[in-house]
Amino acid sequence: MNKTSKLITVFIIFLAICGNIQAQNKGFESRIDSVLKLMTLEEKVGQMNQYNGFWEVTGPAPKDGNAKMKYEHLKKGLVGSMLNVKGTAEVRKLQELVMKETRLKIPLIFGFDVIHGYKTISPIPLAESASWDLEAIEKSARIAAIEAAAVGINWTFAPMVDISRDARWGRVMEGAGEDTYLGSKIGIARVKGFQGNDLSSNNTIAACAKHFAAYGFIEAGRDYNTVDIGTYTLHNVVFPPFKAIIESGVRTVMNSFNVLNGVPATANKFLQREILKDKWKFDGFIISDWSSGAEMINHGFAANLKEVAETSANGGSDMDMESLAYVSHLKEAVENGKVDIKLVDDAVKRILRVKFELGLFDDPYKYCDEKREKELIRHPDHIAGVLDMAKKSIVLLKNDKQLLPLKKTQDKIAIIGALAEDKDHPLGSWVIGADKGTAVSVLEGFKKYNNNFKFAKGANSTFEQDEKGFAEAVALAKKSEIVVMVLGEGADQSGEARSRTTLDLPGSQQKLLEAVYAVNKNIVLVLMNGRPLAITWADKNIPCILESWHLGTESGNAIAQVLFGDYNPSGKLTMTFPRNVGQVPIYYNYFNTGRGDYQPHRYWSHYIDESNAPLYPFGYGLSYTQFEYSNLQIDASNQSAVKVQVTVKNIGKLAGEEVTQLYIRDKFASFVRPVKELKGFKKFALAPNESKVIDFVLTEAELGFYTDKGDFIVEAGEFEVMVGTDSQKLLKGGFVRK
Ligand code: GLC
């Protein structure tokens, strides 16, 4: 090692030592500046470059990318981060390469899509959101972070906080549904779970607010499609969950594939500089989505990779995922004056800041402990945690004839549907770290309660029409007392790049359901799916319907616990279920329009072939017991803290949990306001006959809204207040704000 390298090594060690002194006050700025001063322009550009650890995992490999080139770039300090690297051994190998070969020994940060667990898989995020249990959701993210950190990962590309009202879009499985208020609270809980209270600990990881912004509003529900929404919707529906989690300390943001106001998000100054970095004072860093930079050529926004580098850097995108734009052209762009070096320095400081906060400068191998990996992966506490999350995510949609809960002594049960025996599909989409076949199947969970059943596949969940298994299934149903049918979507029918044009049960499952129904009416339908489905026929004919989503590792056990009543279902839908895909986008907090209410002539906003009403509304979910609401009280004497109170009583025979929801309507305002908006919720348990008085407070934060220019205002006027068990069954009151 020559004299200069020795000096630099000493200097880096010095930084690490003084870092420990500063660690207490977390003030890394002087250390960041000291490192920045040492860096050449090429090394700065290197920090802004992220490569994939292996190909074709979550996006198309770039045509110029290859392993040999990557290793060369890693050795030259031209890579700041890797994604999709699996396991501590692999992570250590790459980190050692950088620490040994590069001049400045700036540690890599390792990112991964830990969306709902790493090895121990939680329910898909849309399912978790249906629990309305912020504590359980935070714990689920904590488990994911512990397992991810144990395998060398220090950064997850989650939570996705894209609001969407379109179930055709496969990625609704990855979010928290259609509501901004709930989506914000859930986003905060997930970030807290991932990042914990101390990012420098070796079991916390940096989180990532994605995708900024408006990806959930793609036209026709078709993934990667155009987005064209007004700034009023942007400020009131799309931005708030991002703003909420940035204020709660999320350390990275991912931009998105789509354009906004005609400019791709990756080069969008309004989004990344004006809003994120200037207005919201975000001091972490922004990463592009997979090759979203290079795709600006396809958008017709950049003519070549050189222009991609210029427009992305000027637009505020700090790190380039798999476009090879920065590593190929950013140095030259700065040298030619197309990009100000100040912007590069700002981007690099943001990246270094997060690396310092993670403690990577103090110990680049702190996440590489093979012993911890063995001891923590699939830890019994994690299995118990995801089981708890799974059962709380299940939504009871219908329970006529009181078929549920099933009796443990019940015999002559038929279980029908390929998904019932499946050990992969229940894990859901976005499970890159999971091992195949690790979900507890419905059959396995069921057996723990009741072995008196026979199974027939009947039909699988693919899109093909295949009735070969019908005869066996129908014959079994004919001689059974109760039929449990497990139907729905495979994990590969929702998620990224998996939009659908219908919301029916895929393939021949609907036909199978009707064939079985023709011989046995006592059907319990267990749905496994990654999006709302238009199961209108089932709702009309099938007596019992349980929404079980894709519940992850403990699917079968959670479903069995609910089917046999060991857990009384408490979930509530966070995304509206349509009657018909033609109603989409359909959501509860809509504007009334000038002709929204029924009128005695045909000139009002309606369909001539379908009702406007949803199949199941936002916030809907039943219990094995019943809850009664009474005595709604509103006290607006203190205008900055309007008190709302309601009494909830369990009038059934079983203990259960309820999610009481509070909605408001700003009746007349300077901008139209939704017919109702969720502004509070509480989940609590009640024993049979027990009552509780539930209190809420409405402050300006809940009563106000954003103008189309993004200014938050609170206006005087008449407010309706609604409280109840879902967004339709509500007690109503009101007050006047002076
Ligand atoms: C994907 C997704 C993004 C993910 C990234 C890395 O295309 O859009 O959500 O984090 O690439 O896998």
# chains A, B, ... in the order shown; residues from 1 in each chain; ligands from 1
>>> residues_near_ligand(ligand="ligand 1", cutoff="8 Å", atoms="only C-alpha atoms and all ligand atoms", output="compact mmCIF listing (two decimals) with all heavy atoms, in the first residue's frame")
# COMPACT_ATOMS: atom_id res chain seq x y z
N VAL A 57 -34.35 -10.53 -11.41
CA VAL A 57 -35.13 -10.84 -10.22
C VAL A 57 -36.34 -9.92 -10.15
O VAL A 57 -37.46 -10.33 -10.04
CB VAL A 57 -34.27 -10.65 -8.95
CG1 VAL A 57 -35.12 -10.98 -7.73
CG2 VAL A 57 -33.06 -11.54 -9.02
N THR A 58 -36.11 -8.62 -10.20
CA THR A 58 -37.27 -7.73 -10.04
C THR A 58 -37.33 -6.74 -11.19
O THR A 58 -37.98 -5.74 -11.10
CB THR A 58 -37.15 -6.95 -8.72
OG1 THR A 58 -35.89 -6.28 -8.74
CG2 THR A 58 -37.24 -7.88 -7.54
N GLY A 59 -36.61 -7.04 -12.23
CA GLY A 59 -36.69 -6.13 -13.37
C GLY A 59 -35.80 -6.65 -14.48
O GLY A 59 -34.95 -7.51 -14.25
N LEU A 83 -28.29 -4.35 -4.85
CA LEU A 83 -29.59 -4.88 -4.41
C LEU A 83 -29.66 -6.36 -4.78
O LEU A 83 -28.90 -6.83 -5.63
CB LEU A 83 -30.75 -4.11 -5.04
CG LEU A 83 -31.17 -4.43 -6.46
CD1 LEU A 83 -32.68 -4.31 -6.60
CD2 LEU A 83 -30.49 -3.54 -7.44
N ASN A 84 -30.57 -7.06 -4.09
CA ASN A 84 -30.82 -8.47 -4.38
C ASN A 84 -29.61 -9.36 -4.14
O ASN A 84 -29.46 -10.38 -4.78
CB ASN A 84 -31.28 -8.67 -5.84
CG ASN A 84 -32.70 -8.15 -6.04
OD1 ASN A 84 -33.48 -8.13 -5.09
ND2 ASN A 84 -33.00 -7.68 -7.22
N PHE A 112 -32.86 -4.48 -0.54
CA PHE A 112 -33.62 -5.69 -0.90
C PHE A 112 -35.09 -5.39 -0.74
O PHE A 112 -35.46 -4.57 0.12
CB PHE A 112 -33.21 -6.83 0.05
CG PHE A 112 -33.44 -8.22 -0.48
CD1 PHE A 112 -32.41 -8.92 -1.10
CD2 PHE A 112 -34.68 -8.82 -0.37
CE1 PHE A 112 -32.60 -10.21 -1.57
CE2 PHE A 112 -34.88 -10.11 -0.85
CZ PHE A 112 -33.84 -10.80 -1.45
N ASP A 113 -35.90 -6.05 -1.54
CA ASP A 113 -37.36 -5.88 -1.40
C ASP A 113 -37.89 -6.75 -0.28
O ASP A 113 -38.39 -7.85 -0.51
CB ASP A 113 -38.06 -6.25 -2.71
CG ASP A 113 -37.76 -5.24 -3.79
OD1 ASP A 113 -38.33 -4.13 -3.73
OD2 ASP A 113 -36.93 -5.54 -4.66
N PHE A 157 -36.76 -1.82 0.35
CA PHE A 157 -37.53 -0.96 -0.55
C PHE A 157 -39.02 -1.08 -0.17
O PHE A 157 -39.83 -1.59 -0.90
CB PHE A 157 -37.32 -1.38 -2.01
CG PHE A 157 -35.88 -1.40 -2.42
CD1 PHE A 157 -35.31 -2.53 -2.96
CD2 PHE A 157 -35.07 -0.29 -2.26
CE1 PHE A 157 -33.97 -2.56 -3.35
CE2 PHE A 157 -33.74 -0.29 -2.63
CZ PHE A 157 -33.18 -1.44 -3.18
N ALA A 158 -39.28 -0.63 1.05
CA ALA A 158 -40.66 -0.67 1.60
C ALA A 158 -40.72 0.36 2.71
O ALA A 158 -39.67 0.73 3.24
CB ALA A 158 -40.94 -2.07 2.16
N MET A 160 -44.41 0.47 0.51
CA MET A 160 -45.07 1.11 -0.62
C MET A 160 -46.30 1.83 -0.06
O MET A 160 -47.16 1.20 0.53
CB MET A 160 -45.49 0.07 -1.65
CG MET A 160 -46.05 0.71 -2.89
SD MET A 160 -46.86 -0.50 -3.94
CE MET A 160 -48.54 -0.05 -3.75
N LYS A 210 -42.14 4.51 -1.10
CA LYS A 210 -42.25 4.38 -2.56
C LYS A 210 -43.70 4.28 -2.97
O LYS A 210 -44.55 3.97 -2.12
CB LYS A 210 -41.43 3.18 -3.04
CG LYS A 210 -42.01 1.81 -2.70
CD LYS A 210 -41.05 0.71 -3.19
CE LYS A 210 -41.66 -0.66 -3.02
NZ LYS A 210 -40.77 -1.75 -3.45
N HIS A 211 -44.03 4.60 -4.29
CA HIS A 211 -43.15 5.12 -5.33
C HIS A 211 -43.58 6.56 -5.57
O HIS A 211 -44.76 6.81 -5.81
CB HIS A 211 -43.35 4.31 -6.61
CG HIS A 211 -43.16 2.84 -6.42
ND1 HIS A 211 -44.10 2.01 -5.85
CD2 HIS A 211 -42.11 2.03 -6.71
CE1 HIS A 211 -43.65 0.77 -5.83
NE2 HIS A 211 -42.44 0.75 -6.34
N MET A 254 -38.12 6.15 -2.99
CA MET A 254 -37.92 5.65 -4.35
C MET A 254 -38.87 6.39 -5.28
O MET A 254 -40.06 6.54 -4.95
CB MET A 254 -38.21 4.15 -4.43
CG MET A 254 -37.96 3.56 -5.81
SD MET A 254 -38.32 1.81 -5.93
CE MET A 254 -37.02 1.12 -4.93
N SER A 256 -40.68 6.89 -9.25
CA SER A 256 -41.53 5.87 -9.90
C SER A 256 -41.40 5.87 -11.41
O SER A 256 -40.83 6.77 -12.01
CB SER A 256 -42.98 6.08 -9.48
OG SER A 256 -43.42 7.37 -9.81
N PHE A 257 -41.96 4.84 -12.02
CA PHE A 257 -41.84 4.62 -13.46
C PHE A 257 -42.67 5.63 -14.26
O PHE A 257 -42.41 5.88 -15.42
CB PHE A 257 -42.36 3.22 -13.83
CG PHE A 257 -41.57 2.10 -13.28
CD1 PHE A 257 -42.12 1.23 -12.35
CD2 PHE A 257 -40.26 1.88 -13.69
CE1 PHE A 257 -41.40 0.17 -11.85
CE2 PHE A 257 -39.52 0.81 -13.19
CZ PHE A 257 -40.10 -0.04 -12.26
N ASP A 289 -36.40 3.97 -9.55
CA ASP A 289 -36.89 2.60 -9.61
C ASP A 289 -36.02 1.87 -10.64
O ASP A 289 -35.18 2.45 -11.32
CB ASP A 289 -38.39 2.56 -9.95
CG ASP A 289 -39.02 1.28 -9.49
OD1 ASP A 289 -38.28 0.28 -9.33
OD2 ASP A 289 -40.23 1.24 -9.26
N TRP A 290 -36.23 0.57 -10.75
CA TRP A 290 -35.36 -0.27 -11.59
C TRP A 290 -35.36 0.26 -13.03
O TRP A 290 -36.40 0.19 -13.70
CB TRP A 290 -35.86 -1.72 -11.57
CG TRP A 290 -35.01 -2.68 -12.32
CD1 TRP A 290 -34.75 -2.66 -13.66
CD2 TRP A 290 -34.28 -3.79 -11.79
NE1 TRP A 290 -33.93 -3.70 -14.00
CE2 TRP A 290 -33.61 -4.41 -12.88
CE3 TRP A 290 -34.12 -4.33 -10.53
CZ2 TRP A 290 -32.80 -5.54 -12.73
CZ3 TRP A 290 -33.30 -5.46 -10.38
CH2 TRP A 290 -32.65 -6.03 -11.46
N MET A 321 -30.71 3.10 -10.08
CA MET A 321 -30.84 1.66 -10.00
C MET A 321 -30.87 1.07 -11.40
O MET A 321 -31.85 1.26 -12.13
CB MET A 321 -32.12 1.26 -9.25
CG MET A 321 -32.30 -0.24 -9.11
SD MET A 321 -33.97 -0.73 -8.59
CE MET A 321 -34.04 -0.11 -6.93
N GLU A 496 -46.31 -6.98 -8.99
CA GLU A 496 -45.82 -6.14 -10.08
C GLU A 496 -45.99 -6.81 -11.43
O GLU A 496 -45.78 -8.01 -11.57
CB GLU A 496 -44.36 -5.78 -9.88
CG GLU A 496 -43.88 -4.83 -10.97
CD GLU A 496 -42.48 -4.30 -10.76
OE1 GLU A 496 -41.88 -4.60 -9.72
OE2 GLU A 496 -41.98 -3.58 -11.67
>>> closest_atom_pairs(of="range 563-651 of chain A", to="range 532-535 of chain A", cutoff="9 Å", atoms="only C-alpha atoms", output="Markdown table")
| residue | atom | partner | partner_atom | distance |
| --- | --- | --- | --- | --- |
| A:Met575 | CA | A:Pro532 | CA | 7.0 |
| A:Thr576 | CA | A:Pro532 | CA | 7.0 |
| A:Phe577 | CA | A:Pro532 | CA | 5.1 |
| A:Pro578 | CA | A:Ala534 | CA | 5.3 |
| A:Arg579 | CA | A:Ala534 | CA | 5.1 |
| A:Asn580 | CA | A:Ala534 | CA | 5.5 |
| A:Val581 | CA | A:Ala534 | CA | 6.7 |
| A:Leu615 | CA | A:Ala534 | CA | 7.3 |
>>> residues_around(residues="Pro125 in chain A", least_positions_apart="2", cutoff="6 Å", atoms="only C-alpha atoms", output="PDB file with N, CA, C and O atoms, in the first residue's frame")
ATOM      1  N   ALA A 127     -53.343  -7.259   3.056  1.00  0.00           N
ATOM      2  CA  ALA A 127     -53.989  -8.064   4.101  1.00  0.00           C
ATOM      3  C   ALA A 127     -53.706  -7.462   5.467  1.00  0.00           C
ATOM      4  O   ALA A 127     -54.613  -7.248   6.270  1.00  0.00           O
ATOM      5  N   GLU A 128     -52.456  -7.149   5.727  1.00  0.00           N
ATOM      6  CA  GLU A 128     -52.091  -6.557   7.029  1.00  0.00           C
ATOM      7  C   GLU A 128     -52.911  -5.302   7.291  1.00  0.00           C
ATOM      8  O   GLU A 128     -53.378  -5.072   8.407  1.00  0.00           O
ATOM      9  N   GLU A 174     -49.559  -4.679  -2.489  1.00  0.00           N
ATOM     10  CA  GLU A 174     -48.333  -4.209  -1.834  1.00  0.00           C
ATOM     11  C   GLU A 174     -48.574  -2.971  -0.967  1.00  0.00           C
ATOM     12  O   GLU A 174     -47.691  -2.538  -0.250  1.00  0.00           O
ATOM     13  N   GLY A 175     -49.803  -2.422  -1.071  1.00  0.00           N
ATOM     14  CA  GLY A 175     -50.095  -1.169  -0.364  1.00  0.00           C
ATOM     15  C   GLY A 175     -51.056  -1.370   0.780  1.00  0.00           C
ATOM     16  O   GLY A 175     -51.282  -2.491   1.237  1.00  0.00           O
TER      17      GLY A 175
END
>>> closest_residue(among="A:Leu662, A:Val519, A:Met69, A:Ile286", to="Tyr181 in chain A", atoms="only C-alpha atoms")
A:Leu662
>>> select_by_dssp(residues="range 600-714 of chain A", states="helix (DSSP H, G or I)", output="PyMOL selection string")
chain A and resi 700-703
>>> residues_around(residues="Asp400 in chain A", least_positions_apart="6", cutoff="9 Å", atoms="only C-alpha atoms", output="list in words")
Ile542, Pro543 and Cys544 of chain A
>>> write_last_selection(atoms="C-alpha atoms", output="PDB file, in the first residue's frame")
ATOM      1  CA  ILE A 542     -72.811 -18.766  -0.900  1.00  0.00           C
ATOM      2  CA  PRO A 543     -73.750 -18.632   2.808  1.00  0.00           C
ATOM      3  CA  CYS A 544     -70.268 -18.059   4.232  1.00  0.00           C
TER       4      CYS A 544
END
>>> select_by_dssp(residues="range 468-706 of chain A", states="strand (DSSP E)", output="ChimeraX atom specification")
/A:482-488,523-528,544-547,627-635,642-650,656-666,677-686,691-698,705-706
>>> atom_distance(atom1="CA of Cys368 in chain A", atom2="CA of Gln95 in chain A")
9.5 Å
>>> residues_around(residues="range 482-494 of chain A", least_positions_apart="3", cutoff="6 Å", atoms="only C-alpha atoms", output="list in words")
Gly170, Ile413, Ala414, Ile415, Ile416, Gly417, Leu419, Ala420, His425, Gly428, Ser429, Ser461, Arg498, Leu505, Asn522, Ile523, Val524, Leu525, Val526, Leu527, Met528, Asn529 and Gly530 of chain A
>>> write_last_selection(atoms="N, CA and C atoms", output="tab-separated table (two decimals), in the first residue's frame")
chain	number	residue	atom	x	y	z
A	170	GLY	N	-52.09	-4.95	-10.23
A	170	GLY	CA	-51.59	-6.06	-9.41
A	170	GLY	C	-50.91	-5.60	-8.14
A	413	ILE	N	-66.70	-33.52	6.18
A	413	ILE	CA	-66.32	-32.21	5.60
A	413	ILE	C	-65.59	-32.47	4.28
A	414	ALA	N	-65.93	-31.69	3.26
A	414	ALA	CA	-65.16	-31.72	2.01
A	414	ALA	C	-64.34	-30.44	1.94
A	415	ILE	N	-63.10	-30.58	1.56
A	415	ILE	CA	-62.29	-29.39	1.27
A	415	ILE	C	-61.94	-29.46	-0.21
A	416	ILE	N	-62.32	-28.42	-0.95
A	416	ILE	CA	-62.16	-28.44	-2.41
A	416	ILE	C	-61.41	-27.19	-2.90
A	417	GLY	N	-60.50	-27.38	-3.83
A	417	GLY	CA	-59.75	-26.26	-4.43
A	417	GLY	C	-58.26	-26.49	-4.30
A	419	LEU	N	-55.83	-24.55	-4.20
A	419	LEU	CA	-55.10	-23.63	-3.29
A	419	LEU	C	-55.09	-24.16	-1.86
A	420	ALA	N	-56.02	-25.10	-1.54
A	420	ALA	CA	-56.09	-25.61	-0.16
A	420	ALA	C	-54.87	-26.43	0.20
A	425	HIS	N	-48.29	-20.54	-3.07
A	425	HIS	CA	-49.16	-19.40	-3.37
A	425	HIS	C	-49.57	-18.61	-2.14
A	428	GLY	N	-47.82	-15.35	-1.15
A	428	GLY	CA	-48.11	-14.08	-1.82
A	428	GLY	C	-46.96	-13.62	-2.71
A	429	SER	N	-47.17	-12.49	-3.39
A	429	SER	CA	-46.15	-11.93	-4.27
A	429	SER	C	-45.08	-11.22	-3.43
A	461	SER	N	-55.87	-22.60	-9.81
A	461	SER	CA	-56.18	-21.15	-9.84
A	461	SER	C	-55.63	-20.47	-11.09
A	498	ARG	N	-48.63	-7.48	-13.03
A	498	ARG	CA	-49.70	-8.49	-13.02
A	498	ARG	C	-51.06	-7.80	-12.91
A	505	LEU	N	-63.06	-14.89	-10.28
A	505	LEU	CA	-62.20	-16.01	-9.86
A	505	LEU	C	-61.52	-16.54	-11.12
A	522	ASN	N	-74.30	-25.97	1.57
A	522	ASN	CA	-73.56	-25.59	2.80
A	522	ASN	C	-72.09	-25.36	2.50
A	523	ILE	N	-71.85	-24.22	1.86
A	523	ILE	CA	-70.46	-23.94	1.42
A	523	ILE	C	-69.86	-22.81	2.24
A	524	VAL	N	-68.63	-23.02	2.70
A	524	VAL	CA	-67.81	-21.95	3.28
A	524	VAL	C	-66.74	-21.64	2.24
A	525	LEU	N	-66.82	-20.45	1.66
A	525	LEU	CA	-65.84	-20.06	0.63
A	525	LEU	C	-64.69	-19.31	1.30
A	526	VAL	N	-63.49	-19.86	1.20
A	526	VAL	CA	-62.29	-19.17	1.70
A	526	VAL	C	-61.56	-18.59	0.49
A	527	LEU	N	-61.49	-17.27	0.42
A	527	LEU	CA	-60.84	-16.60	-0.72
A	527	LEU	C	-59.36	-16.44	-0.43
A	528	MET	N	-58.51	-16.73	-1.42
A	528	MET	CA	-57.08	-16.43	-1.35
A	528	MET	C	-56.78	-15.53	-2.56
A	529	ASN	N	-56.40	-14.30	-2.31
A	529	ASN	CA	-56.30	-13.36	-3.43
A	529	ASN	C	-55.44	-12.16	-3.03
A	530	GLY	N	-54.94	-11.45	-4.04
A	530	GLY	CA	-54.07	-10.29	-3.76
A	530	GLY	C	-54.73	-8.97	-4.09
>>> atom_distance(atom1="CA of Gln561 in chain A", atom2="CA of Lys729 in chain A")
27.7 Å
>>> decode(residues="range 272-290 of chain A", atoms="N, CA, C and O atoms", output="PDB file, in the first residue's frame")
ATOM      1  N   GLN A 272     -39.233  15.899  -6.817  1.00  0.00           N
ATOM      2  CA  GLN A 272     -38.050  15.547  -6.025  1.00  0.00           C
ATOM      3  C   GLN A 272     -37.360  16.746  -5.375  1.00  0.00           C
ATOM      4  O   GLN A 272     -36.836  16.655  -4.269  1.00  0.00           O
ATOM      5  N   ARG A 273     -37.379  17.889  -6.031  1.00  0.00           N
ATOM      6  CA  ARG A 273     -36.701  19.043  -5.431  1.00  0.00           C
ATOM      7  C   ARG A 273     -37.710  19.969  -4.743  1.00  0.00           C
ATOM      8  O   ARG A 273     -37.629  20.189  -3.525  1.00  0.00           O
ATOM      9  N   GLU A 274     -38.725  20.442  -5.501  1.00  0.00           N
ATOM     10  CA  GLU A 274     -39.639  21.409  -4.889  1.00  0.00           C
ATOM     11  C   GLU A 274     -40.391  20.822  -3.687  1.00  0.00           C
ATOM     12  O   GLU A 274     -40.432  21.424  -2.618  1.00  0.00           O
ATOM     13  N   ILE A 275     -40.972  19.639  -3.876  1.00  0.00           N
ATOM     14  CA  ILE A 275     -41.788  19.065  -2.789  1.00  0.00           C
ATOM     15  C   ILE A 275     -40.916  18.327  -1.771  1.00  0.00           C
ATOM     16  O   ILE A 275     -40.826  18.715  -0.594  1.00  0.00           O
ATOM     17  N   LEU A 276     -40.235  17.265  -2.203  1.00  0.00           N
ATOM     18  CA  LEU A 276     -39.532  16.407  -1.242  1.00  0.00           C
ATOM     19  C   LEU A 276     -38.411  17.153  -0.506  1.00  0.00           C
ATOM     20  O   LEU A 276     -38.377  17.208   0.724  1.00  0.00           O
ATOM     21  N   LYS A 277     -37.460  17.691  -1.244  1.00  0.00           N
ATOM     22  CA  LYS A 277     -36.250  18.216  -0.618  1.00  0.00           C
ATOM     23  C   LYS A 277     -36.419  19.636  -0.116  1.00  0.00           C
ATOM     24  O   LYS A 277     -35.924  19.978   0.948  1.00  0.00           O
ATOM     25  N   ASP A 278     -37.174  20.490  -0.812  1.00  0.00           N
ATOM     26  CA  ASP A 278     -37.308  21.869  -0.362  1.00  0.00           C
ATOM     27  C   ASP A 278     -38.462  22.014   0.627  1.00  0.00           C
ATOM     28  O   ASP A 278     -38.260  22.354   1.770  1.00  0.00           O
ATOM     29  N   LYS A 279     -39.683  21.693   0.164  1.00  0.00           N
ATOM     30  CA  LYS A 279     -40.856  21.955   1.022  1.00  0.00           C
ATOM     31  C   LYS A 279     -40.876  21.029   2.233  1.00  0.00           C
ATOM     32  O   LYS A 279     -41.117  21.453   3.356  1.00  0.00           O
ATOM     33  N   TRP A 280     -40.588  19.739   2.029  1.00  0.00           N
ATOM     34  CA  TRP A 280     -40.694  18.795   3.159  1.00  0.00           C
ATOM     35  C   TRP A 280     -39.355  18.598   3.866  1.00  0.00           C
ATOM     36  O   TRP A 280     -39.247  17.811   4.792  1.00  0.00           O
ATOM     37  N   LYS A 281     -38.288  19.250   3.374  1.00  0.00           N
ATOM     38  CA  LYS A 281     -36.952  19.190   4.015  1.00  0.00           C
ATOM     39  C   LYS A 281     -36.445  17.758   4.198  1.00  0.00           C
ATOM     40  O   LYS A 281     -35.864  17.412   5.238  1.00  0.00           O
ATOM     41  N   PHE A 282     -36.697  16.907   3.243  1.00  0.00           N
ATOM     42  CA  PHE A 282     -36.226  15.518   3.312  1.00  0.00           C
ATOM     43  C   PHE A 282     -34.716  15.508   3.171  1.00  0.00           C
ATOM     44  O   PHE A 282     -34.170  16.058   2.208  1.00  0.00           O
ATOM     45  N   ASP A 283     -33.984  14.883   4.149  1.00  0.00           N
ATOM     46  CA  ASP A 283     -32.503  14.913   4.086  1.00  0.00           C
ATOM     47  C   ASP A 283     -31.902  13.524   3.885  1.00  0.00           C
ATOM     48  O   ASP A 283     -30.701  13.330   4.034  1.00  0.00           O
ATOM     49  N   GLY A 284     -32.757  12.549   3.532  1.00  0.00           N
ATOM     50  CA  GLY A 284     -32.231  11.242   3.146  1.00  0.00           C
ATOM     51  C   GLY A 284     -31.955  11.255   1.654  1.00  0.00           C
ATOM     52  O   GLY A 284     -31.758  12.329   1.061  1.00  0.00           O
ATOM     53  N   PHE A 285     -31.963  10.084   1.009  1.00  0.00           N
ATOM     54  CA  PHE A 285     -31.711  10.131  -0.432  1.00  0.00           C
ATOM     55  C   PHE A 285     -32.802   9.441  -1.245  1.00  0.00           C
ATOM     56  O   PHE A 285     -33.552   8.622  -0.702  1.00  0.00           O
ATOM     57  N   ILE A 286     -32.878   9.824  -2.503  1.00  0.00           N
ATOM     58  CA  ILE A 286     -33.886   9.288  -3.429  1.00  0.00           C
ATOM     59  C   ILE A 286     -33.206   8.305  -4.368  1.00  0.00           C
ATOM     60  O   ILE A 286     -32.177   8.619  -4.963  1.00  0.00           O
ATOM     61  N   ILE A 287     -33.765   7.126  -4.503  1.00  0.00           N
ATOM     62  CA  ILE A 287     -33.259   6.165  -5.475  1.00  0.00           C
ATOM     63  C   ILE A 287     -34.275   6.048  -6.606  1.00  0.00           C
ATOM     64  O   ILE A 287     -35.480   6.207  -6.384  1.00  0.00           O
ATOM     65  N   SER A 288     -33.775   5.786  -7.804  1.00  0.00           N
ATOM     66  CA  SER A 288     -34.721   5.587  -8.918  1.00  0.00           C
ATOM     67  C   SER A 288     -35.346   4.213  -8.787  1.00  0.00           C
ATOM     68  O   SER A 288     -34.882   3.377  -8.009  1.00  0.00           O
ATOM     69  N   ASP A 289     -36.395   3.965  -9.547  1.00  0.00           N
ATOM     70  CA  ASP A 289     -36.886   2.598  -9.606  1.00  0.00           C
ATOM     71  C   ASP A 289     -36.022   1.866 -10.635  1.00  0.00           C
ATOM     72  O   ASP A 289     -35.185   2.446 -11.320  1.00  0.00           O
ATOM     73  N   TRP A 290     -36.229   0.566 -10.751  1.00  0.00           N
ATOM     74  CA  TRP A 290     -35.363  -0.268 -11.590  1.00  0.00           C
ATOM     75  C   TRP A 290     -35.359   0.261 -13.029  1.00  0.00           C
ATOM     76  O   TRP A 290     -36.396   0.186 -13.702  1.00  0.00           O
TER      77      TRP A 290
END
